[in-house]
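Trainee: Please read through the structure below; I'll follow up with questions.
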Amino acid sequence: MSDEERTLVLLKPDAVRRHLIGEIIGRYEAKGLTVRAMELRTIDASMAREHYAEHVGRDYYTPLEEFITSGPLVAVVLEGRKAISVVRAMNGKTDCAEALPGTIRGDFGTQKNHNLVHASDCPESAEREIGLWFPNLG
Ligand code: CDP
Ligand code: MG
């Protein structure tokens, strides 16, 4: 079985506002991951609810929806060996204040909600999220 995987990454609106698109994509590329699809896009509440379906109803969901719809984000499909776990490790812990230096969240943020990046957390999530964001990707 091949270890090649695809994963869905979002550079969230804070990353775009802070002009970190190149820095963050550059890290993934330098690691050896391949960009298979990429789009700058502003999403509405309905798309936010679909993407974050498992979080709807949590106490942090309403501010999360406001944040993720607050401006353009960059959706990316990355491909490479063990891409799902590699990208999660590069992103760091959800709370930027706890994320290790050397990770994207650890190097560029201090917040828990405005935490710069999203990445699929398992193969099933990756398949669902890639289908949601890039339905025409072969
Ligand atoms: O993004 P990640 O998979 O690391 O975290 P999650 O637990 O799946 O939560 C999804 C997103 O909700 C996070 O990235 C945060 O932006 C937000 N969140 C939050 O604002 N407060 C929390 N207590 C948990 C998550
Ligand atoms: Mg998650």
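All residue names refer to the structure tokens as shown: chains lettered A, B, ... in order, residues numbered from 1 in each chain, ligands numbered from 1 in order.
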Can you tell me which residues sit at most 9 Å away from ligand 2, counting only C-alpha atoms and all ligand atoms, written as number ranges by chain?
Mentor: A: 52, 54-55, 94, 118-121
Trainee: Fewer than 2 positions away in the same chain doesn't count, so skip those; otherwise give me all residues within 9 Å of Cys122 of chain A, counting only C-alpha atoms, as a list in words.
Mentor: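 The filter keeps Thr7, Ile84, Ser85, Ser120, Glu124, Ser125, Ala126 and Glu127 of chain A.
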Trainee: Got a sec: who's within 10 Å of segment 106-109 of chain A, counting only C-alpha atoms, leaving out chain neighbours fewer than 2 positions off, as a ChimeraX atom specification?
Mentor: /A:14-15,18,20,24,90-104,111-112,114-116
Trainee: As a PyMOL selection string, please: all residues of chain A that backbone DSSP puts in helix (DSSP H, G or I).
Mentor: chain A and resi 13-17+21-31+45-51+53-55+61-68+83-91+104-108+123-133
Trainee: Please determine, counting only C-alpha atoms and all ligand atoms, which residue among A:Arg17, A:Arg6, A:His51, A:Arg27 has the shortest atom-to-atom distance to ligand 1.
Mentor: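 Distance minimum relative to ligand 1 lands on A:His51.
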Trainee: What does the distance from atom CA of Pro135 of chain A to atom CA of Ala37 of chain A come to in Å, to one decimal?
Mentor: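 That distance, rounded to one decimal, is 11.0 Å.
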Trainee: Give me, as a list of chain:residue names, the residues of chain A that a backbone DSSP run labels strand (DSSP E).
Mentor: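 Those in chain A that DSSP calls strand (DSSP E) are A:Glu4, A:Glu5, A:Arg6, A:Thr7, A:Leu8, A:Val9, A:Leu10, A:Leu11, A:Thr34, A:Val35, A:Arg36, A:Ala37, A:Met38, A:Glu39, A:Leu40, A:Arg41, A:Leu73, A:Val74, A:Ala75, A:Val76, A:Val77, A:Leu78, A:Glu79, A:Gly80, A:Arg81, A:Val117, A:His118, A:Ala119.
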Trainee: Nearest residue to Asp44 of chain A out of A:Ile68, A:Leu132, A:Leu11, A:Val56, using only C-alpha atoms?
Mentor: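 Checking each candidate against Asp44 of chain A, we get A:Ile68 as the closest.
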Trainee: Measuring between only C-alpha atoms, which one of A:Val16, A:Val77, A:Val86, A:Ala53 shows the shortest distance to Arg41 of chain A?
Mentor: A:Val16
Trainee: Can you tell me, as a list in words, what residues are no more than 9 Å from Thr34 of chain A when counting only C-alpha atoms, ignoring any on the same chain fewer than 4 positions away?
Mentor: Tyr28, Glu29, Val77, Leu78, Glu79 and Gly80 of chain A
Trainee: When distances are computed from only C-alpha atoms, which of A:Ile43, A:Thr110, A:Leu33, A:Glu50 shows the smallest separation from Gly131 of chain A?
Mentor: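 Of all the options, A:Glu50 lies closest to Gly131 of chain A.
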Trainee: Hey, which of A:Pro63, A:Pro72, A:Glu129, A:Ala48 ends up closest to ligand 1? Count only C-alpha atoms and all ligand atoms.
Mentor: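 Answer, going by the shortest atom-to-atom distance: A:Pro63.
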